[in-house]
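One file, coords-v7.cif, is given below (mmCIF, C-alpha atoms and all ligand atoms).
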```cif
data_start
loop_
_atom_site.group_PDB
_atom_site.id
_atom_site.type_symbol
_atom_site.label_atom_id
_atom_site.label_comp_id
_atom_site.auth_asym_id
_atom_site.auth_seq_id
_atom_site.Cartn_x
_atom_site.Cartn_y
_atom_site.Cartn_z
ATOM 1 C CA MET W 9 68.138 81.135 105.850
ATOM 2 C CA LYS W 10 67.182 84.452 107.403
ATOM 3 C CA TYR W 11 70.085 86.410 105.873
ATOM 4 C CA GLU W 12 71.807 86.323 102.503
ATOM 5 C CA ALA W 13 74.905 88.217 103.612
ATOM 6 C CA ILE W 14 76.941 89.202 106.631
ATOM 7 C CA ILE W 15 78.663 92.573 106.766
ATOM 8 C CA PHE W 16 81.566 92.670 109.216
ATOM 9 C CA ASP W 17 83.162 95.643 110.848
ATOM 10 C CA LEU W 18 86.949 95.246 110.636
ATOM 11 C CA ASP W 19 88.814 96.850 113.575
ATOM 12 C CA GLY W 20 87.925 94.927 116.742
ATOM 13 C CA VAL W 21 85.788 92.326 114.933
ATOM 14 C CA ILE W 22 87.875 90.580 112.261
ATOM 15 C CA CYS W 23 91.184 91.530 113.889
ATOM 16 C CA ASN W 24 92.514 93.297 116.981
ATOM 17 C CA THR W 25 93.683 96.478 115.295
ATOM 18 C CA ASP W 26 91.665 98.454 117.870
ATOM 19 C CA LYS W 27 94.618 98.069 120.255
ATOM 20 C CA TYR W 28 96.908 99.690 117.659
ATOM 21 C CA HIS W 29 94.475 102.604 117.188
ATOM 22 C CA PHE W 30 94.675 103.095 120.956
ATOM 23 C CA GLU W 31 98.471 102.938 121.018
ATOM 24 C CA ALA W 32 98.838 105.435 118.165
ATOM 25 C CA TRP W 33 96.304 107.909 119.618
ATOM 26 C CA LYS W 34 97.942 107.576 123.042
ATOM 27 C CA ALA W 35 101.262 108.718 121.542
ATOM 28 C CA ILE W 36 99.584 111.832 120.095
ATOM 29 C CA ALA W 37 97.626 112.538 123.284
ATOM 30 C CA ASP W 38 100.799 112.222 125.395
ATOM 31 C CA LYS W 39 102.620 114.590 123.054
ATOM 32 C CA LEU W 40 99.902 117.202 123.535
ATOM 33 C CA GLY W 41 99.572 116.488 127.275
ATOM 34 C CA ILE W 42 95.955 115.312 126.880
ATOM 35 C CA TYR W 43 94.421 112.761 129.234
ATOM 36 C CA PHE W 44 93.414 109.653 127.263
ATOM 37 C CA ASP W 45 92.287 106.240 128.473
ATOM 38 C CA GLU W 46 90.518 103.045 127.319
ATOM 39 C CA LYS W 47 87.116 104.500 128.175
ATOM 40 C CA ILE W 48 87.653 107.487 125.849
ATOM 41 C CA ASN W 49 89.128 105.086 123.279
ATOM 42 C CA ASN W 50 85.865 103.116 123.245
ATOM 43 C CA ARG W 51 84.083 106.251 122.016
ATOM 44 C CA LEU W 52 86.404 106.284 118.974
ATOM 45 C CA ARG W 53 85.225 102.874 117.792
ATOM 46 C CA GLY W 54 83.568 103.148 114.394
ATOM 47 C CA VAL W 55 84.065 106.893 113.975
ATOM 48 C CA SER W 56 86.378 108.482 111.403
ATOM 49 C CA ARG W 57 89.978 109.515 112.065
ATOM 50 C CA MET W 58 89.227 113.257 112.341
ATOM 51 C CA GLU W 59 86.084 112.709 114.441
ATOM 52 C CA SER W 60 88.182 110.507 116.728
ATOM 53 C CA PHE W 61 90.711 113.316 117.151
ATOM 54 C CA ASN W 62 87.925 115.791 117.906
ATOM 55 C CA ILE W 63 86.720 113.490 120.711
ATOM 56 C CA ILE W 64 90.277 113.305 122.114
ATOM 57 C CA LEU W 65 90.525 117.115 121.926
ATOM 58 C CA GLU W 66 87.511 117.497 124.256
ATOM 59 C CA LYS W 67 90.083 117.149 127.066
ATOM 60 C CA TYR W 68 92.462 119.717 125.538
ATOM 61 C CA SER W 69 92.540 123.219 126.932
ATOM 62 C CA GLY W 70 94.940 124.716 124.358
ATOM 63 C CA VAL W 71 94.225 126.182 120.964
ATOM 64 C CA ILE W 72 94.736 124.107 117.827
ATOM 65 C CA SER W 73 94.375 125.152 114.198
ATOM 66 C CA GLU W 74 92.718 123.100 111.449
ATOM 67 C CA LYS W 75 96.130 122.681 109.792
ATOM 68 C CA GLU W 76 97.637 121.302 113.028
ATOM 69 C CA LYS W 77 94.686 118.932 113.353
ATOM 70 C CA ILE W 78 95.388 117.559 109.890
ATOM 71 C CA ASP W 79 99.094 117.197 110.746
ATOM 72 C CA TYR W 80 98.372 115.354 114.015
ATOM 73 C CA THR W 81 95.882 112.953 112.408
ATOM 74 C CA GLU W 82 98.483 112.236 109.718
ATOM 75 C CA GLU W 83 101.101 111.623 112.387
ATOM 76 C CA LYS W 84 98.720 109.281 114.190
ATOM 77 C CA ASN W 85 98.121 107.386 110.961
ATOM 78 C CA ASN W 86 101.864 107.008 110.364
ATOM 79 C CA ILE W 87 102.347 105.530 113.853
ATOM 80 C CA TYR W 88 99.310 103.288 113.280
ATOM 81 C CA LYS W 89 100.589 102.099 109.880
ATOM 82 C CA GLU W 90 103.978 101.283 111.371
ATOM 83 C CA LEU W 91 102.184 99.013 113.872
ATOM 84 C CA LEU W 92 100.090 97.481 111.071
ATOM 85 C CA SER W 93 103.226 96.739 109.042
ATOM 86 C CA LYS W 94 104.206 94.132 111.638
ATOM 87 C CA MET W 95 100.919 92.246 111.305
ATOM 88 C CA CYS W 96 100.785 88.938 109.461
ATOM 89 C CA GLU W 97 98.466 85.983 108.810
ATOM 90 C CA ARG W 98 98.924 84.773 112.386
ATOM 91 C CA ASP W 99 97.033 87.900 113.499
ATOM 92 C CA LEU W 100 93.879 86.367 112.062
ATOM 93 C CA SER W 101 92.573 84.033 114.755
ATOM 94 C CA ASP W 102 91.661 80.436 113.908
ATOM 95 C CA GLU W 103 88.159 81.096 115.247
ATOM 96 C CA VAL W 104 87.523 84.029 112.883
ATOM 97 C CA LYS W 105 89.118 82.241 109.927
ATOM 98 C CA GLU W 106 87.187 78.992 110.429
ATOM 99 C CA THR W 107 83.904 80.838 110.992
ATOM 100 C CA LEU W 108 84.330 82.872 107.796
ATOM 101 C CA ILE W 109 85.088 79.720 105.802
ATOM 102 C CA GLU W 110 82.061 77.923 107.255
ATOM 103 C CA LEU W 111 79.747 80.885 106.518
ATOM 104 C CA ARG W 112 80.962 80.919 102.936
ATOM 105 C CA LYS W 113 80.366 77.155 102.710
ATOM 106 C CA ARG W 114 76.795 77.729 103.834
ATOM 107 C CA GLY W 115 76.293 80.059 100.871
ATOM 108 C CA LEU W 116 76.351 83.440 102.578
ATOM 109 C CA LYS W 117 77.874 86.479 100.910
ATOM 110 C CA LEU W 118 80.508 88.136 103.107
ATOM 111 C CA ALA W 119 81.419 91.830 103.129
ATOM 112 C CA ILE W 120 83.341 94.426 105.106
ATOM 113 C CA GLY W 121 81.721 97.636 106.381
ATOM 114 C CA SER W 122 84.469 99.681 108.067
ATOM 115 C CA SER W 123 85.124 103.394 108.624
ATOM 116 C CA SER W 124 88.848 102.788 108.133
ATOM 117 C CA LYS W 125 90.779 104.066 105.150
ATOM 118 C CA ASN W 126 93.378 101.374 105.915
ATOM 119 C CA THR W 127 90.935 98.488 105.350
ATOM 120 C CA LYS W 128 92.568 96.974 102.255
ATOM 121 C CA TYR W 129 96.062 97.192 103.740
ATOM 122 C CA ILE W 130 94.921 95.426 106.930
ATOM 123 C CA LEU W 131 93.126 92.681 104.973
ATOM 124 C CA LYS W 132 96.303 92.115 102.980
ATOM 125 C CA GLN W 133 98.404 91.905 106.148
ATOM 126 C CA ILE W 134 96.184 89.215 107.714
ATOM 127 C CA GLY W 135 95.886 87.156 104.523
ATOM 128 C CA LEU W 136 92.319 88.133 103.582
ATOM 129 C CA GLU W 137 93.078 90.154 100.470
ATOM 130 C CA GLY W 138 90.434 89.294 97.860
ATOM 131 C CA PHE W 139 88.447 87.123 100.296
ATOM 132 C CA PHE W 140 85.347 89.306 100.746
ATOM 133 C CA ASP W 141 82.580 89.691 98.161
ATOM 134 C CA ALA W 142 82.439 93.450 98.783
ATOM 135 C CA ILE W 143 84.363 96.078 100.701
ATOM 136 C CA SER W 144 82.793 99.315 101.847
ATOM 137 C CA ASP W 145 85.202 101.458 103.853
ATOM 138 C CA GLY W 146 86.362 104.927 104.840
ATOM 139 C CA ASN W 147 87.345 105.634 101.250
ATOM 140 C CA ASN W 148 83.829 105.404 99.810
ATOM 141 C CA ILE W 149 81.774 107.227 102.440
ATOM 142 C CA THR W 150 81.148 110.813 103.470
ATOM 143 C CA ASN W 151 79.560 110.059 106.860
ATOM 144 C CA SER W 152 80.971 107.534 109.310
ATOM 145 C CA LYS W 153 79.037 105.427 111.836
ATOM 146 C CA PRO W 154 76.501 105.977 113.469
ATOM 147 C CA ASP W 155 75.416 107.025 109.962
ATOM 148 C CA PRO W 156 74.348 103.851 108.083
ATOM 149 C CA GLU W 157 76.094 104.890 104.825
ATOM 150 C CA VAL W 158 78.999 102.412 105.051
ATOM 151 C CA PHE W 159 76.627 99.445 105.549
ATOM 152 C CA LEU W 160 74.093 100.593 102.942
ATOM 153 C CA LYS W 161 76.942 100.901 100.421
ATOM 154 C CA ALA W 162 78.125 97.376 101.298
ATOM 155 C CA ALA W 163 74.595 96.032 100.678
ATOM 156 C CA GLU W 164 74.487 97.959 97.397
ATOM 157 C CA TYR W 165 77.853 96.495 96.309
ATOM 158 C CA LEU W 166 76.467 93.033 97.121
ATOM 159 C CA LYS W 167 73.314 93.889 95.140
ATOM 160 C CA LEU W 168 71.164 92.976 98.141
ATOM 161 C CA GLN W 169 68.398 94.694 100.106
ATOM 162 C CA PRO W 170 69.735 95.918 103.491
ATOM 163 C CA GLU W 171 67.191 93.725 105.321
ATOM 164 C CA LYS W 172 68.885 90.646 103.857
ATOM 165 C CA CYS W 173 72.194 91.582 105.520
ATOM 166 C CA MET W 174 73.280 91.162 109.113
ATOM 167 C CA ILE W 175 75.931 93.419 110.658
ATOM 168 C CA VAL W 176 78.647 92.269 113.092
ATOM 169 C CA GLU W 177 80.023 95.125 115.224
ATOM 170 C CA ASP W 178 82.185 95.951 118.237
ATOM 171 C CA ALA W 179 81.199 99.650 118.242
ATOM 172 C CA VAL W 180 78.101 101.130 119.856
ATOM 173 C CA ALA W 181 78.100 103.605 116.913
ATOM 174 C CA GLY W 182 78.059 100.607 114.557
ATOM 175 C CA ILE W 183 74.964 99.100 116.189
ATOM 176 C CA GLU W 184 73.223 102.483 115.855
ATOM 177 C CA ALA W 185 74.247 102.592 112.184
ATOM 178 C CA ALA W 186 72.749 99.120 111.643
ATOM 179 C CA ILE W 187 69.478 100.185 113.275
ATOM 180 C CA LYS W 188 69.292 103.347 111.138
ATOM 181 C CA GLY W 189 69.951 101.197 108.059
ATOM 182 C CA LYS W 190 67.121 98.814 109.110
ATOM 183 C CA MET W 191 69.564 95.934 109.399
ATOM 184 C CA ASP W 192 69.822 93.271 112.091
ATOM 185 C CA SER W 193 73.048 93.322 114.080
ATOM 186 C CA ALA W 194 75.216 91.112 116.256
ATOM 187 C CA ALA W 195 77.222 92.850 118.979
ATOM 188 C CA ILE W 196 80.609 91.699 120.197
ATOM 189 C CA GLY W 197 83.015 93.278 122.710
ATOM 190 C CA ASP W 198 82.313 96.906 123.583
ATOM 191 C CA ALA W 199 79.130 96.972 121.436
ATOM 192 C CA LEU W 200 77.477 94.659 123.984
ATOM 193 C CA PHE W 201 77.013 97.775 126.137
ATOM 194 C CA SER W 202 74.624 99.250 123.582
ATOM 195 C CA ASN W 203 71.931 96.693 124.517
ATOM 196 C CA LYS W 204 70.262 97.491 121.210
ATOM 197 C CA ALA W 205 71.728 94.804 118.955
ATOM 198 C CA THR W 206 69.519 92.026 117.603
ATOM 199 C CA TYR W 207 71.983 89.460 118.990
ATOM 200 C CA ASN W 208 74.703 89.554 121.635
ATOM 201 C CA LEU W 209 77.729 87.374 120.895
ATOM 202 C CA LYS W 210 79.910 85.854 123.594
ATOM 203 C CA SER W 211 82.301 84.720 120.887
ATOM 204 C CA PHE W 212 82.684 85.253 117.140
ATOM 205 C CA ASN W 213 81.763 81.679 116.190
ATOM 206 C CA GLU W 214 78.277 82.102 117.692
ATOM 207 C CA ILE W 215 77.407 83.749 114.354
ATOM 208 C CA LEU W 216 77.082 80.187 113.060
ATOM 209 C CA ILE W 217 74.262 79.529 115.532
ATOM 210 C CA ILE W 218 72.270 82.728 115.026
ATOM 211 C CA ILE W 219 72.163 82.632 111.235
ATOM 212 C CA LYS W 220 70.444 79.230 111.170
HETATM 213 C C1 LIG W 301 87.294 102.398 112.569
HETATM 214 C C2 LIG W 301 87.851 102.440 113.977
HETATM 215 O O1 LIG W 301 87.240 101.080 112.132
HETATM 216 O O2 LIG W 301 88.117 103.160 111.684
HETATM 217 C C3 LIG W 301 88.005 103.888 114.412
HETATM 218 O O3 LIG W 301 86.976 101.761 114.842
HETATM 219 C C4 LIG W 301 88.893 104.628 113.422
HETATM 220 O O4 LIG W 301 88.550 103.928 115.711
HETATM 221 C C5 LIG W 301 88.290 104.530 112.031
HETATM 222 O O5 LIG W 301 89.021 105.996 113.800
HETATM 223 C C6 LIG W 301 89.150 105.208 110.970
HETATM 224 O O6 LIG W 301 90.320 104.464 110.778
HETATM 225 P P1 LIG W 301 91.547 104.887 109.886
HETATM 226 O O7 LIG W 301 92.328 103.611 109.733
HETATM 227 O O8 LIG W 301 91.019 105.378 108.584
HETATM 228 O O9 LIG W 301 92.283 105.942 110.632
HETATM 229 MG MG MG W 302 85.285 98.205 115.186
#
```

Take the structure in the file and give it back as structure tokens.
Ligand code: BG6
Ligand code: MG
Amino acid sequence: MKYEAIIFDLDGVICNTDKYHFEAWKAIADKLGIYFDEKINNRLRGVSRMESFNIILEKYSGVISEKEKIDYTEEKNNIYKELLSKMCERDLSDEVKETLIELRKRGLKLAIGSSSKNTKYILKQIGLEGFFDAISDGNNITNSKPDPEVFLKAAEYLKLQPEKCMIVEDAVAGIEAAIKGKMDSAAIGDALFSNKATYNLKSFNEILIIIK
């Protein structure tokens, strides 16, 4: 087999938490009277919480202190976590679940490479706590995607060379991170617009075809 491991982004790949990020940021943007839409939201994919807020603030004409920025990002995270608290195992689609099980059966190592500090909580909510061989997330990195750090750390935790790992991403920034880390990548959803991924997936289970 071409790869020994697959490193998955979480939000927007394993589960649809991207819609909750949008909802929570929308509440903050509305509060501050900032224009915010799906197109701007797509630019937040893969980037850290504070970097996301800085992107949203590009449309803000007022003045905001660093302390207020911290308070607003915390408020966003509280709204987001409230939405996450209602998630359960049914929020993991059969397609994703069956594909992960089949990949494991074929002997691949499976890891998470996500910028989110809520990774472990989300995995617990959808019934995947303890499932992955390694988790690299927002808690163990200093630079978020498009920096390759989160994926390189995942490969390191798996004790594998980056070239032996394939990345699955829905963020354009995630595809760039994979390229910088010299890793092959499979794009899904919004990442298809990057046109730079090694593979373009129409659906998640196509991973089973490309890894052959
Ligand atoms: C990424 C999302 O997975 O995690 C980004 O695509 C988000 O939109 C980032 O900003 C950080 O998430 P969290 O959960 O730590 O606020
Ligand atoms: Mg994502």

Under the PyMOL selection byres (((not hetatm)) within 8 of (chain W and resi 301)), which residues of this model are included? Write them out as a CSV table (one decimal) with C-alpha atoms, in the coordinates of the input.
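Once written, result38.csv looks like this:
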```
chain,number,residue,atom,x,y,z
W,17,ASP,CA,83.2,95.6,110.8
W,18,LEU,CA,86.9,95.2,110.6
W,19,ASP,CA,88.8,96.8,113.6
W,20,GLY,CA,87.9,94.9,116.7
W,26,ASP,CA,91.7,98.5,117.9
W,29,HIS,CA,94.5,102.6,117.2
W,49,ASN,CA,89.1,105.1,123.3
W,52,LEU,CA,86.4,106.3,119.0
W,53,ARG,CA,85.2,102.9,117.8
W,54,GLY,CA,83.6,103.1,114.4
W,55,VAL,CA,84.1,106.9,114.0
W,56,SER,CA,86.4,108.5,111.4
W,57,ARG,CA,90.0,109.5,112.1
W,58,MET,CA,89.2,113.3,112.3
W,59,GLU,CA,86.1,112.7,114.4
W,60,SER,CA,88.2,110.5,116.7
W,85,ASN,CA,98.1,107.4,111.0
W,88,TYR,CA,99.3,103.3,113.3
W,122,SER,CA,84.5,99.7,108.1
W,123,SER,CA,85.1,103.4,108.6
W,124,SER,CA,88.8,102.8,108.1
W,125,LYS,CA,90.8,104.1,105.2
W,126,ASN,CA,93.4,101.4,105.9
W,127,THR,CA,90.9,98.5,105.4
W,146,GLY,CA,86.4,104.9,104.8
W,179,ALA,CA,81.2,99.6,118.2
```

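A cut-off of 7 Å from the point (99.5, 88.7, 108.8), with all atoms listed in the file, picks out the residues Met95, Cys96, Glu97, Arg98, Asp99, Leu100, Gln133, Ile134 and Gly135 of chain W.
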
Check: Pick from W:Ala181, W:Leu166, W:Cys173, W:Leu111: nearest to W:Ser152, with all atoms listed in the file counted?
Finding: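 Looking only at the distances to W:Ser152, the closest residue turns out to be W:Ala181.
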
Note to self: Please list as an MDAnalysis selection string every residue within 10 Å of W:Tyr11, counting all atoms listed in the file and excluding residues in the same chain fewer than 5 positions away.
What the structure shows: chainID W and resid 116:117 170:174 192 219:220

Show me as a JSON list (two decimals) with C-alpha atoms, keeping the file's coordinate frame the residues that reach within 12 Å of (90.7, 82.9, 117.1), counting all atoms listed in the file and using the file's own coordinates.
```json
[["chain", "number", "residue", "atom", "x", "y", "z"],
["W", 21, "VAL", "CA", 85.79, 92.33, 114.93],
["W", 22, "ILE", "CA", 87.88, 90.58, 112.26],
["W", 23, "CYS", "CA", 91.18, 91.53, 113.89],
["W", 24, "ASN", "CA", 92.51, 93.30, 116.98],
["W", 97, "GLU", "CA", 98.47, 85.98, 108.81],
["W", 98, "ARG", "CA", 98.92, 84.77, 112.39],
["W", 99, "ASP", "CA", 97.03, 87.90, 113.50],
["W", 100, "LEU", "CA", 93.88, 86.37, 112.06],
["W", 101, "SER", "CA", 92.57, 84.03, 114.76],
["W", 102, "ASP", "CA", 91.66, 80.44, 113.91],
["W", 103, "GLU", "CA", 88.16, 81.10, 115.25],
["W", 104, "VAL", "CA", 87.52, 84.03, 112.88],
["W", 105, "LYS", "CA", 89.12, 82.24, 109.93],
["W", 106, "GLU", "CA", 87.19, 78.99, 110.43],
["W", 107, "THR", "CA", 83.90, 80.84, 110.99],
["W", 108, "LEU", "CA", 84.33, 82.87, 107.80],
["W", 211, "SER", "CA", 82.30, 84.72, 120.89],
["W", 212, "PHE", "CA", 82.68, 85.25, 117.14],
["W", 213, "ASN", "CA", 81.76, 81.68, 116.19]]
```

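Take the candidates W:Leu118, W:Ile143, W:Ile87, W:Ile36 and check each one against W:Ile64 using only C-alpha atoms; the shortest distance goes to W:Ile36.
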
Check: Which residue out of W:Ile78, W:Ala205, W:Ile120, W:Ala142 has the minimum interatomic distance to ligand MG 302 (chain W) when all atoms listed in the file are used?
Finding: W:Ile120
